[in-house]
$ cat coords13.csv   # CSV, C-alpha atoms and all ligand atoms
chain,number,residue,atom,x,y,z
C,1,MET,CA,3.3,-13.8,-23.8
C,2,ALA,CA,1.9,-12.3,-20.6
C,3,ILE,CA,-1.5,-10.7,-20.5
C,4,ASN,CA,-2.1,-7.9,-18.1
C,5,VAL,CA,-5.6,-7.2,-16.9
C,6,THR,CA,-6.7,-4.3,-14.7
C,7,ILE,CA,-9.9,-4.7,-12.9
C,8,LYS,CA,-11.1,-1.7,-10.9
C,9,LYS,CA,-13.6,-1.9,-8.0
C,10,GLU,CA,-14.8,1.1,-6.1
C,11,VAL,CA,-15.2,0.7,-2.3
C,12,LYS,CA,-16.8,3.2,0.0
C,13,VAL,CA,-15.8,3.6,3.6
C,14,LYS,CA,-17.5,5.9,6.1
C,15,GLU,CA,-14.2,7.2,7.7
C,16,ALA,CA,-10.5,6.8,7.5
C,17,ALA,CA,-9.7,3.1,7.3
C,18,LYS,CA,-6.6,0.8,7.2
C,19,PHE,CA,-5.9,-0.1,3.6
C,20,MET,CA,-6.1,-3.8,4.4
C,21,LYS,CA,-9.6,-3.4,5.7
C,22,VAL,CA,-10.6,-1.6,2.5
C,23,ALA,CA,-8.9,-4.3,0.4
C,24,LYS,CA,-10.7,-7.0,2.2
C,25,LYS,CA,-14.0,-5.2,1.6
C,26,ALA,CA,-13.2,-5.1,-2.1
C,27,GLY,CA,-12.5,-8.9,-2.0
C,28,LEU,CA,-8.8,-8.4,-2.7
C,29,LYS,CA,-6.2,-10.8,-1.2
C,30,ILE,CA,-2.8,-9.3,-0.6
C,31,LYS,CA,0.1,-11.4,0.5
C,32,LEU,CA,1.7,-10.2,3.8
C,33,PRO,CA,5.0,-12.1,4.0
C,34,CYS,CA,6.1,-10.5,7.3
C,35,ASP,CA,2.5,-10.8,8.7
C,36,GLY,CA,1.9,-7.1,8.2
C,37,LYS,CA,4.7,-5.9,10.4
C,38,GLY,CA,5.9,-3.3,7.8
C,39,LYS,CA,9.4,-4.9,7.5
C,40,CYS,CA,9.6,-6.9,4.3
C,41,GLY,CA,8.4,-4.3,1.8
C,42,LYS,CA,6.6,-6.9,-0.3
C,43,CYS,CA,3.1,-5.4,0.0
C,44,LYS,CA,3.7,-2.2,-1.9
C,45,VAL,CA,0.8,-0.2,-3.3
C,46,LYS,CA,0.8,3.1,-5.2
C,47,PHE,CA,-1.5,6.0,-4.8
C,48,ILE,CA,-2.2,7.0,-8.4
C,49,GLY,CA,-5.2,9.3,-7.6
C,50,GLY,CA,-5.8,11.4,-4.5
C,51,ASN,CA,-3.2,12.2,-2.0
C,52,ALA,CA,-1.0,9.5,-0.5
C,53,PRO,CA,-1.1,9.6,3.3
C,54,GLU,CA,1.9,10.6,5.2
C,55,ALA,CA,4.4,7.7,5.4
C,56,THR,CA,4.5,5.8,8.7
C,57,LYS,CA,7.7,5.1,10.6
C,58,ASN,CA,7.9,1.6,9.2
C,59,GLU,CA,7.3,2.9,5.6
C,60,LEU,CA,10.1,5.4,6.2
C,61,LYS,CA,12.4,2.6,7.2
C,62,THR,CA,11.4,0.0,4.6
C,63,LEU,CA,10.7,2.1,1.5
C,64,LYS,CA,13.2,4.2,-0.5
C,65,ARG,CA,12.7,8.0,-0.4
C,66,GLU,CA,12.0,8.0,-4.1
C,67,GLU,CA,9.2,5.4,-3.6
C,68,ILE,CA,7.6,7.5,-0.9
C,69,ASP,CA,7.8,10.5,-3.2
C,70,GLN,CA,6.1,8.5,-5.9
C,71,GLY,CA,3.1,7.7,-3.7
C,72,ILE,CA,4.2,4.2,-2.9
C,73,ARG,CA,3.2,2.9,0.5
C,74,LEU,CA,2.9,-0.5,2.3
C,75,ALA,CA,-0.6,-2.1,2.2
C,76,CYS,CA,-0.1,-3.4,5.7
C,77,GLU,CA,0.7,0.1,7.1
C,78,THR,CA,-1.2,2.7,5.1
C,79,VAL,CA,-4.5,4.3,6.0
C,80,ILE,CA,-7.0,5.6,3.5
C,81,GLU,CA,-7.8,9.1,4.6
C,82,SER,CA,-9.5,10.6,1.6
C,83,ASP,CA,-10.8,9.8,-1.9
C,84,SER,CA,-8.0,7.7,-3.4
C,85,GLU,CA,-7.2,5.5,-6.3
C,86,VAL,CA,-4.6,2.8,-5.4
C,87,GLU,CA,-2.8,0.3,-7.5
C,88,ILE,CA,-1.4,-2.9,-6.0
C,89,LEU,CA,2.2,-3.4,-7.2
C,101,LIG,S1,3.6,-7.4,4.8
C,101,LIG,FE1,5.7,-7.0,5.1
C,101,LIG,S2,5.8,-4.9,4.8
C,101,LIG,FE2,3.7,-5.3,4.6
$ encode --input "coords13.csv" --output "structure tokens" --more "lines below"
Ligand code: FES
Amino acid sequence: MAINVTIKKEVKVKEAAKFMKVAKKAGLKIKLPCDGKGKCGKCKVKFIGGNAPEATKNELKTLKREEIDQGIRLACETVIESDSEVEIL
């Protein structure tokens, strides 16, 4: 039986920052199969609190419209612009 554990860590940044920079500051390691080029879609994160930033060109190409509408973005592309709660999928 699988056991799911959620560990939350709050990270403060002074200004808008790339998600990967924030994740690194939080000590999180996220796999980037396409080296963060926004093409594989394997680094999905979901904004569950706050507003998801506008989707980038690569996110519009790589993600489905429904995913974007649900607040899903690519960790390698997205930028944290305001107070946010983000789940790594
Ligand atoms: S690492 Fe491939 S889309 Fe982000």
$ closest_residue --input "coords13.csv" --among "C:Lys9, C:Lys14, C:Lys61, C:Lys21" --to "C:Ser82" --atoms "only C-alpha atoms"
C:Lys14
$ residues_near_point --input "coords13.csv" --point "(-6.3, -8.4, -1.9)" --cutoff "12 Å" --atoms "all atoms listed in the file" --output "list in words"
Lys9, Phe19, Met20, Lys21, Val22, Ala23, Lys24, Lys25, Ala26, Gly27, Leu28, Lys29, Ile30, Lys31, Leu32, Cys43, Lys44, Val45, Ala75, Cys76, Val86, Glu87, Ile88 and Leu89 of chain C
$ residues_around --input "coords13.csv" --residues "C:Glu81" --least-positions-apart "4" --cutoff "10 Å" --atoms "all atoms listed in the file" --output "number ranges by chain"
C: 13, 15-19, 50-54
$ write_last_selection --input "coords13.csv" --atoms "C-alpha atoms" --output "PDB file, in the coordinates of the input"
ATOM      1  CA  VAL C  13     -15.800   3.600   3.600  1.00  0.00           C
ATOM      2  CA  GLU C  15     -14.200   7.200   7.700  1.00  0.00           C
ATOM      3  CA  ALA C  16     -10.500   6.800   7.500  1.00  0.00           C
ATOM      4  CA  ALA C  17      -9.700   3.100   7.300  1.00  0.00           C
ATOM      5  CA  LYS C  18      -6.600   0.800   7.200  1.00  0.00           C
ATOM      6  CA  PHE C  19      -5.900  -0.100   3.600  1.00  0.00           C
ATOM      7  CA  GLY C  50      -5.800  11.400  -4.500  1.00  0.00           C
ATOM      8  CA  ASN C  51      -3.200  12.200  -2.000  1.00  0.00           C
ATOM      9  CA  ALA C  52      -1.000   9.500  -0.500  1.00  0.00           C
ATOM     10  CA  PRO C  53      -1.100   9.600   3.300  1.00  0.00           C
ATOM     11  CA  GLU C  54       1.900  10.600   5.200  1.00  0.00           C
TER      12      GLU C  54
END
$ closest_atom_pairs --input "coords13.csv" --of "chain C" --to "ligand LIG 101 (chain C)" --cutoff "7 Å" --atoms "all atoms listed in the file" --output "CSV"
residue,atom,partner,partner_atom,distance
C:Lys31,CA,C:LIG101,S1,6.8
C:Leu32,CA,C:LIG101,S1,3.5
C:Pro33,CA,C:LIG101,S1,5.0
C:Cys34,CA,C:LIG101,FE1,4.2
C:Asp35,CA,C:LIG101,S1,5.3
C:Gly36,CA,C:LIG101,S1,3.8
C:Lys37,CA,C:LIG101,FE1,5.5
C:Gly38,CA,C:LIG101,S2,3.4
C:Lys39,CA,C:LIG101,S2,4.5
C:Cys40,CA,C:LIG101,FE1,4.0
C:Gly41,CA,C:LIG101,S2,4.0
C:Lys42,CA,C:LIG101,FE1,5.5
C:Cys43,CA,C:LIG101,FE2,4.6
C:Leu74,CA,C:LIG101,FE2,5.4
C:Ala75,CA,C:LIG101,FE2,5.9
C:Cys76,CA,C:LIG101,FE2,4.4
C:Glu77,CA,C:LIG101,FE2,6.7
$ atom_distance --input "coords13.csv" --atom1 "atom CA of C:Lys64" --atom2 "atom CA of C:Ile80"
20.6 Å
$ residues_around --input "coords13.csv" --residues "C:Glu85" --least-positions-apart "6" --cutoff "8 Å" --atoms "only C-alpha atoms" --output "ChimeraX atom specification"
/C:47-50
$ atom_distance --input "coords13.csv" --atom1 "atom CA of C:Val79" --atom2 "atom CA of C:Asn58"
13.1 Å
$ atom_distance --input "coords13.csv" --atom1 "atom CA of C:Val11" --atom2 "atom CA of C:Thr78"
16.0 Å
$ decode --input "coords13.csv" --residues "stretch 21-74 of chain C" --atoms "C-alpha atoms" --output "PDB file, in the first residue's frame"
ATOM      1  CA  LYS C  21      15.024  29.149  -8.336  1.00  0.00           C
ATOM      2  CA  VAL C  22      12.355  29.118  -5.613  1.00  0.00           C
ATOM      3  CA  ALA C  23      12.274  25.311  -5.572  1.00  0.00           C
ATOM      4  CA  LYS C  24      16.049  25.200  -5.216  1.00  0.00           C
ATOM      5  CA  LYS C  25      15.838  27.658  -2.323  1.00  0.00           C
ATOM      6  CA  ALA C  26      13.298  25.314  -0.707  1.00  0.00           C
ATOM      7  CA  GLY C  27      15.689  22.403  -1.167  1.00  0.00           C
ATOM      8  CA  LEU C  28      13.412  20.656  -3.659  1.00  0.00           C
ATOM      9  CA  LYS C  29      14.833  18.670  -6.538  1.00  0.00           C
ATOM     10  CA  ILE C  30      12.664  18.490  -9.617  1.00  0.00           C
ATOM     11  CA  LYS C  31      13.586  16.288 -12.550  1.00  0.00           C
ATOM     12  CA  LEU C  32      13.916  18.159 -15.840  1.00  0.00           C
ATOM     13  CA  PRO C  33      13.956  15.435 -18.531  1.00  0.00           C
ATOM     14  CA  CYS C  34      14.265  17.892 -21.442  1.00  0.00           C
ATOM     15  CA  ASP C  35      16.790  20.029 -19.567  1.00  0.00           C
ATOM     16  CA  GLY C  36      14.159  22.661 -18.839  1.00  0.00           C
ATOM     17  CA  LYS C  37      13.367  23.475 -22.448  1.00  0.00           C
ATOM     18  CA  GLY C  38       9.610  23.330 -21.880  1.00  0.00           C
ATOM     19  CA  LYS C  39       9.084  20.523 -24.359  1.00  0.00           C
ATOM     20  CA  CYS C  40       8.585  17.242 -22.482  1.00  0.00           C
ATOM     21  CA  GLY C  41       5.810  18.278 -20.089  1.00  0.00           C
ATOM     22  CA  LYS C  42       7.224  16.095 -17.310  1.00  0.00           C
ATOM     23  CA  CYS C  43       7.790  18.861 -14.757  1.00  0.00           C
ATOM     24  CA  LYS C  44       4.188  19.880 -14.111  1.00  0.00           C
ATOM     25  CA  VAL C  45       3.261  21.901 -11.060  1.00  0.00           C
ATOM     26  CA  LYS C  46      -0.159  23.158 -10.023  1.00  0.00           C
ATOM     27  CA  PHE C  47      -1.005  26.514  -8.502  1.00  0.00           C
ATOM     28  CA  ILE C  48      -3.483  25.634  -5.740  1.00  0.00           C
ATOM     29  CA  GLY C  49      -3.310  28.983  -3.959  1.00  0.00           C
ATOM     30  CA  GLY C  50      -2.831  32.436  -5.405  1.00  0.00           C
ATOM     31  CA  ASN C  51      -3.025  33.185  -9.089  1.00  0.00           C
ATOM     32  CA  ALA C  52      -1.232  31.069 -11.657  1.00  0.00           C
ATOM     33  CA  PRO C  53       0.933  33.249 -13.891  1.00  0.00           C
ATOM     34  CA  GLU C  54       0.041  33.650 -17.536  1.00  0.00           C
ATOM     35  CA  ALA C  55       1.091  30.568 -19.510  1.00  0.00           C
ATOM     36  CA  THR C  56       4.285  30.912 -21.514  1.00  0.00           C
ATOM     37  CA  LYS C  57       4.530  30.071 -25.234  1.00  0.00           C
ATOM     38  CA  ASN C  58       6.081  26.687 -24.391  1.00  0.00           C
ATOM     39  CA  GLU C  59       3.373  25.952 -21.830  1.00  0.00           C
ATOM     40  CA  LEU C  60       0.706  26.761 -24.412  1.00  0.00           C
ATOM     41  CA  LYS C  61       2.366  24.280 -26.802  1.00  0.00           C
ATOM     42  CA  THR C  62       3.131  21.535 -24.262  1.00  0.00           C
ATOM     43  CA  LEU C  63       0.143  21.570 -21.896  1.00  0.00           C
ATOM     44  CA  LYS C  64      -3.512  20.905 -22.672  1.00  0.00           C
ATOM     45  CA  ARG C  65      -5.906  23.872 -22.474  1.00  0.00           C
ATOM     46  CA  GLU C  66      -7.737  22.180 -19.566  1.00  0.00           C
ATOM     47  CA  GLU C  67      -4.472  21.865 -17.629  1.00  0.00           C
ATOM     48  CA  ILE C  68      -3.690  25.535 -18.093  1.00  0.00           C
ATOM     49  CA  ASP C  69      -7.219  26.428 -16.977  1.00  0.00           C
ATOM     50  CA  GLN C  70      -6.683  24.271 -13.856  1.00  0.00           C
ATOM     51  CA  GLY C  71      -3.559  26.233 -12.895  1.00  0.00           C
ATOM     52  CA  ILE C  72      -1.049  23.660 -14.118  1.00  0.00           C
ATOM     53  CA  ARG C  73       2.242  25.051 -15.369  1.00  0.00           C
ATOM     54  CA  LEU C  74       5.740  23.766 -16.146  1.00  0.00           C
TER      55      LEU C  74
END
